[in-house]
Structures are given as C-alpha cells and as structure tokens.
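> I have a structure I would like to understand better, so I am pasting it below and will then ask my questions one at a time.
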Amino acid sequence: MPRPEKVAHVDAVRTSFEGARSVILADFTGLDVEKITELRRLCREAGVEFRVVKNTLARLGIKDTPAEGLTDYFEGPVALAYSSEAENLPAKVLAEFAKEHEKPTFKAGFVDGNVIDATGVIALSKLPSKEELISKLLGSIQGPANGIVACLQGPLRNLISVMGQIKEQEEQS
C-alpha cells in the first residue's frame, strides 16, 4: 500500500504538469546549497516554481499524461521549473542563472503539450515572451497607420500655415 507522502508527491508532480504552461527539467549537480537557495529565490521572484523531484515518483506522476515522453529524462538529479504565467519564463530564469554559474544544465522540457530536448529549451529561453511579441506586432501595425495620419495632416497643416500668413499680411496692410 502506498504511503500518503508518496501519493501526495506523485499528485504534486501531476498537478504541476497539468497547471503549467511549461515545465523544464534541469540537472542541478554541482550547485552548492547557497547557489540552490539563490536559484530558488530568483525563481520565486519571477513567479517560477522550482522543485527537486524523486525520479521514480515523478515517472509515476506523468504516467498516462501528454508529458509521458519525458520519462527517459528522469535519471540522476532532476529539478522541475514550471510556470503558469508564460511558456518561456522558467527557461529564461534558469538560463540567466546558468550564464553566471554554468549550472544547472537543461535536460528537457514540456511546452504546449510537446516534449522538447535541451536544445529546444535553450532556444525557448532566447525567445521573447508572448506579451513582448504582441507589443512588437501592435507597434509594427501602428507604425504605418501613424505615417498615414502624418501624411494626411501635412496638407492641412500647410493650409493653416498659409492662411495664417495671409491674415498677417492683411493686418500689416
């Protein structure tokens, strides 16, 4: 009969995969307690959950889910970083930390129902967020519209300027 703690752990892993927009698996070997604490703090500040998992229980947690393709990556020390806010947020936070400390290393990830390898996670960390992409799109749409408005206002501005000059000439005469 399974112990309640293990059942709770399996449920927590399953819940993290179900509620997250992305989950990143990382190997944190080589990080001391101080660095792990710093990484957890950075994750917490960014809205990313960082959790070290037991591989056997994690495999049970993702069994019969779309993330089951990650089963082979649960070997050695594994930590899950996940977020319900943005798809690339966990990858960005871990990549920023890894630039400075050379750890953790990416194992794999789960984004939008798809399993991605370490190379895909690195590429994901370099992508702008969804909000940044939307603002860039709106800016590129708004740019030409502003240009058209400026072009249409130009002749009107010139007409007003000429009428003002005519008025000044009439007042001087």
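So you can find residues: chains in the structure tokens are A, B, ... in the order shown, residues in each start at 1, and ligands are numbered from 1 in order.
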Using only C-alpha atoms, I'd like a table of the residues in stretch 33-63 of chain A that come within 10 Å of stretch 67-76 of chain A; for each, show the closest atom pair and its distance in Å rounded to one decimal, ordered by chain and ascending number, as a tab-separated table.

```
residue	atom	partner	partner_atom	distance
A:Val53	CA	A:Phe74	CA	9.0
A:Lys54	CA	A:Phe74	CA	8.4
A:Asn55	CA	A:Phe74	CA	5.2
A:Thr56	CA	A:Phe74	CA	7.9
A:Leu57	CA	A:Phe74	CA	9.8
A:Ala58	CA	A:Phe74	CA	7.5
A:Arg59	CA	A:Thr71	CA	5.7
A:Leu60	CA	A:Thr71	CA	9.0
A:Gly61	CA	A:Glu68	CA	8.9
A:Ile62	CA	A:Glu68	CA	5.3
A:Lys63	CA	A:Glu68	CA	5.5
```
> I need the residues from that last selection saved to file as a short mmCIF file (atom, residue, chain, number, x, y, z; two decimals), in the first residue's frame (with N, CA and C atoms), if you can.

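Output file result.cif follows:
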```cif
data_model
loop_
_atom_site.label_atom_id
_atom_site.label_comp_id
_atom_site.auth_asym_id
_atom_site.auth_seq_id
_atom_site.Cartn_x
_atom_site.Cartn_y
_atom_site.Cartn_z
N VAL A 53 12.73 16.71 -7.55
CA VAL A 53 11.79 15.59 -7.53
C VAL A 53 12.53 14.26 -7.42
N LYS A 54 11.83 13.27 -6.89
CA LYS A 54 12.32 11.91 -6.89
C LYS A 54 11.90 11.29 -8.21
N ASN A 55 12.87 10.71 -8.91
CA ASN A 55 12.63 10.24 -10.27
C ASN A 55 11.52 9.20 -10.36
N THR A 56 11.51 8.23 -9.48
CA THR A 56 10.50 7.17 -9.54
C THR A 56 9.11 7.75 -9.36
N LEU A 57 8.98 8.65 -8.39
CA LEU A 57 7.67 9.25 -8.14
C LEU A 57 7.27 10.20 -9.27
N ALA A 58 8.24 10.89 -9.87
CA ALA A 58 7.94 11.77 -11.00
C ALA A 58 7.47 10.96 -12.21
N ARG A 59 8.12 9.83 -12.45
CA ARG A 59 7.68 8.97 -13.56
C ARG A 59 6.24 8.51 -13.35
N LEU A 60 5.91 8.16 -12.11
CA LEU A 60 4.53 7.77 -11.81
C LEU A 60 3.58 8.94 -12.00
N GLY A 61 4.03 10.15 -11.67
CA GLY A 61 3.19 11.34 -11.79
C GLY A 61 2.85 11.70 -13.22
N ILE A 62 3.76 11.41 -14.16
CA ILE A 62 3.49 11.78 -15.56
C ILE A 62 2.97 10.60 -16.38
N LYS A 63 2.83 9.46 -15.73
CA LYS A 63 2.33 8.30 -16.45
C LYS A 63 0.91 8.58 -16.94
#
```
> Considering only C-alpha atoms, return as a PyMOL selection string whatever protein or nucleic-acid residues lie within 7 Å of A:Leu25, sequence-local ones (same chain, fewer than 6 positions apart) excluded.
chain A and resi 78-81+106-109
> Measure the distance from atom CA of A:Leu39 to atom CA of A:Asp112 in Å and round it to one decimal.
24.6 Å
> For the structure I just gave you, how does DSSP split chain A - specifically, which residues are helix (DSSP H, G or I)? Reply as an MDAnalysis selection string.
chainID A and resid 4:19 33:46 55:62 66:73 89:101 118:126 130:172
> Provide the atom CA of A:Gly30 to atom CA of A:Ile116 distance in Å, to one decimal place.
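Separation of atom CA of A:Gly30 and atom CA of A:Ile116: 23.7 Å.
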> Pick out each residue of chain A that DSSP on the backbone tags as strand (DSSP E); I need them as a count of residues only.
28
> Taking into account only C-alpha atoms, which residue in the set A:Leu124, A:Arg51, A:Lys167, A:Glu131 is nearest to A:Ser16?
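Selected residue with least distance to A:Ser16: A:Arg51.
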